[in-house]
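Data file: input_28.cif. Format and content: mmCIF, C-alpha atoms, pLDDT in the B column; chains and numbers go by the auth columns.
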data_run
#
loop_
_atom_site.group_PDB
_atom_site.id
_atom_site.type_symbol
_atom_site.label_atom_id
_atom_site.label_comp_id
_atom_site.label_asym_id
_atom_site.label_seq_id
_atom_site.Cartn_x
_atom_site.Cartn_y
_atom_site.Cartn_z
_atom_site.B_iso_or_equiv
_atom_site.auth_seq_id
_atom_site.auth_asym_id
ATOM 1 C CA MET A 1 -12.869 0.051 18.607 77.00 1 A
ATOM 2 C CA LYS A 2 -9.996 -0.283 16.186 76.00 2 A
ATOM 3 C CA THR A 3 -6.366 0.649 16.841 80.00 3 A
ATOM 4 C CA CYS A 4 -4.513 1.856 13.768 78.00 4 A
ATOM 5 C CA ALA A 5 -1.921 4.200 12.351 87.00 5 A
ATOM 6 C CA LEU A 6 -3.052 7.537 10.921 85.00 6 A
ATOM 7 C CA HIS A 7 -2.096 6.539 7.374 86.00 7 A
ATOM 8 C CA ASP A 8 -4.080 3.285 7.637 86.00 8 A
ATOM 9 C CA PHE A 9 -7.067 5.150 9.074 85.00 9 A
ATOM 10 C CA LEU A 10 -7.051 7.646 6.199 85.00 10 A
ATOM 11 C CA GLN A 11 -6.767 4.897 3.588 87.00 11 A
ATOM 12 C CA GLU A 12 -9.613 2.906 5.135 83.00 12 A
ATOM 13 C CA MET A 13 -11.877 5.945 5.362 82.00 13 A
ATOM 14 C CA LYS A 14 -11.046 7.431 1.937 83.00 14 A
ATOM 15 C CA PRO A 15 -14.171 6.041 0.188 83.00 15 A
ATOM 16 C CA TRP A 16 -16.427 7.319 2.992 78.00 16 A
ATOM 17 C CA LEU A 17 -14.983 10.804 3.581 76.00 17 A
ATOM 18 C CA ASP A 18 -18.028 12.622 2.329 73.00 18 A
ATOM 19 C CA LYS A 19 -21.015 14.332 3.913 78.00 19 A
ATOM 20 C CA ASP A 20 -23.239 11.872 2.027 87.00 20 A
ATOM 21 C CA TYR A 21 -21.965 9.066 4.294 89.00 21 A
ATOM 22 C CA ILE A 22 -20.643 10.631 7.493 91.00 22 A
ATOM 23 C CA ARG A 23 -22.969 12.579 9.775 92.00 23 A
ATOM 24 C CA SER A 24 -20.250 13.837 12.131 94.00 24 A
ATOM 25 C CA ALA A 25 -16.757 13.277 13.469 94.00 25 A
ATOM 26 C CA PHE A 26 -15.243 14.105 16.842 95.00 26 A
ATOM 27 C CA LEU A 27 -12.738 13.083 19.478 94.00 27 A
ATOM 28 C CA ASP A 28 -14.232 11.404 22.518 94.00 28 A
ATOM 29 C CA SER A 29 -13.145 12.112 26.109 93.00 29 A
ATOM 30 C CA SER A 30 -10.347 9.525 25.765 92.00 30 A
ATOM 31 C CA GLY A 31 -8.984 11.128 22.585 90.00 31 A
ATOM 32 C CA ARG A 32 -10.326 8.425 20.270 93.00 32 A
ATOM 33 C CA PHE A 33 -11.541 9.421 16.806 93.00 33 A
ATOM 34 C CA VAL A 34 -15.275 8.775 16.388 94.00 34 A
ATOM 35 C CA LEU A 35 -17.168 8.750 13.101 92.00 35 A
ATOM 36 C CA LEU A 36 -20.965 8.696 13.081 94.00 36 A
ATOM 37 C CA PHE A 37 -22.440 7.549 9.774 92.00 37 A
ATOM 38 C CA LEU A 38 -25.837 8.496 8.393 93.00 38 A
ATOM 39 C CA ASP A 39 -27.028 4.884 8.684 94.00 39 A
ATOM 40 C CA GLY A 40 -26.480 4.975 12.456 95.00 40 A
ATOM 41 C CA THR A 41 -23.150 3.155 12.446 94.00 41 A
ATOM 42 C CA ARG A 42 -20.566 4.427 14.929 95.00 42 A
ATOM 43 C CA ASN A 43 -16.880 3.631 14.331 92.00 43 A
ATOM 44 C CA VAL A 44 -14.290 4.399 17.006 94.00 44 A
ATOM 45 C CA TYR A 45 -10.572 4.499 16.230 92.00 45 A
ATOM 46 C CA GLU A 46 -7.554 4.662 18.512 92.00 46 A
ATOM 47 C CA ILE A 47 -4.989 6.289 16.239 91.00 47 A
ATOM 48 C CA ASP A 48 -1.684 5.542 17.869 87.00 48 A
ATOM 49 C CA ASP A 49 1.082 7.096 15.783 88.00 49 A
ATOM 50 C CA CYS A 50 0.381 10.807 15.510 87.00 50 A
ATOM 51 C CA THR A 51 0.111 14.077 17.373 87.00 51 A
ATOM 52 C CA ARG A 52 -2.988 16.000 18.357 86.00 52 A
ATOM 53 C CA GLU A 53 -2.103 18.572 15.685 91.00 53 A
ATOM 54 C CA GLN A 54 -2.264 15.875 13.001 90.00 54 A
ATOM 55 C CA ILE A 55 -5.670 14.733 14.270 90.00 55 A
ATOM 56 C CA ASP A 56 -6.864 18.350 14.304 91.00 56 A
ATOM 57 C CA ALA A 57 -5.743 18.641 10.657 92.00 57 A
ATOM 58 C CA VAL A 58 -7.828 15.569 9.776 91.00 58 A
ATOM 59 C CA LEU A 59 -10.845 17.079 11.534 92.00 59 A
ATOM 60 C CA GLU A 60 -10.338 20.346 9.643 93.00 60 A
ATOM 61 C CA ASP A 61 -10.176 18.447 6.351 90.00 61 A
ATOM 62 C CA LEU A 62 -13.472 16.746 7.206 91.00 62 A
ATOM 63 C CA ARG A 63 -15.009 20.124 8.043 93.00 63 A
ATOM 64 C CA ARG A 64 -13.932 21.443 4.597 92.00 64 A
ATOM 65 C CA ARG A 65 -15.668 18.425 3.031 89.00 65 A
ATOM 66 C CA GLY A 66 -18.917 19.497 4.696 90.00 66 A
ATOM 67 C CA ILE A 67 -18.844 16.968 7.540 92.00 67 A
ATOM 68 C CA ARG A 68 -20.041 18.267 10.886 94.00 68 A
ATOM 69 C CA ILE A 69 -17.340 18.250 13.574 95.00 69 A
ATOM 70 C CA GLY A 70 -18.543 17.596 17.111 86.00 70 A
ATOM 71 C CA GLU A 71 -21.087 15.295 18.693 63.00 71 A
#

Would you mind writing the file's structure down as structure tokens?
Amino acid sequence: MKTCALHDFLQEMKPWLDKDYIRSAFLDSSGRFVLLFLDGTRNVYEIDDCTREQIDAVLEDLRRRGIRIGE
């Protein structure tokens, strides 16, 4: 698990934010952001500087990119 700011998270994930790389994204029961990649990799992020609404906006952006939201 990685702890980071929302801006840093978005910059790190920018090259991978595509349905060709990410199978799905969701928030786990602890509110951590989880990305599941097509190659089986699972990255978990504790984003510590934003609101739930900002996280929901990120999830909606991923949905618009064709990435499945939810486990």

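Nearest residue to Gly70 in chain A among A:Phe26, A:Tyr45, A:Tyr21, A:Phe9 is A:Phe26, counting only C-alpha atoms.
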
Inset, instruction - Might you pull out every residue within 12 Å of Phe37 in chain A, with all atoms listed in the file counted and same-chain residues fewer than 5 positions away left off, and present them as number ranges by chain? - result: A: 13, 16-25, 42-44, 67-68, 71

Output the residue selection produced by the PyMOL selection byres ((chain A and resi 7) around 12) on the file above, formatted as a compact mmCIF listing (two decimals) with C-alpha atoms, in the coordinates of the input.
# COMPACT_ATOMS: atom_id res chain seq x y z
CA THR A 3 -6.37 0.65 16.84
CA CYS A 4 -4.51 1.86 13.77
CA ALA A 5 -1.92 4.20 12.35
CA LEU A 6 -3.05 7.54 10.92
CA ASP A 8 -4.08 3.28 7.64
CA PHE A 9 -7.07 5.15 9.07
CA LEU A 10 -7.05 7.65 6.20
CA GLN A 11 -6.77 4.90 3.59
CA GLU A 12 -9.61 2.91 5.14
CA MET A 13 -11.88 5.94 5.36
CA LYS A 14 -11.05 7.43 1.94
CA ILE A 47 -4.99 6.29 16.24
CA ASP A 48 -1.68 5.54 17.87
CA ASP A 49 1.08 7.10 15.78
CA CYS A 50 0.38 10.81 15.51
CA GLN A 54 -2.26 15.88 13.00
CA ILE A 55 -5.67 14.73 14.27
CA VAL A 58 -7.83 15.57 9.78

What box, with edges along x, y and z, holds each listed atom of range 54-62 of chain A when 4 Å is added on every side, and can you state its centre and edge lengths in Å to one decimal, as AutoDock Vina command-line options?
--center_x -7.9 --center_y 17.5 --center_z 10.3 --size_x 19.2 --size_y 13.6 --size_z 16.0

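Note that CA of Ser30 in chain A and CA of Arg64 in chain A are 24.6 Å apart.
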
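Of note, CA of Arg32 in chain A and CA of Met1 in chain A are spaced 8.9 Å apart.
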
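When the distance limit is 10 Å and all atoms listed in the file are what count, the residues near Asp56 in chain A, minus those fewer than 5 positions from it on the same chain, are Phe26, Leu27, Thr51, Asp61 and Leu62 of chain A.
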
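Closest to Val34 in chain A among A:Arg52, A:Pro15, A:Glu46, A:Glu60 is A:Glu46, based on all atoms listed in the file.
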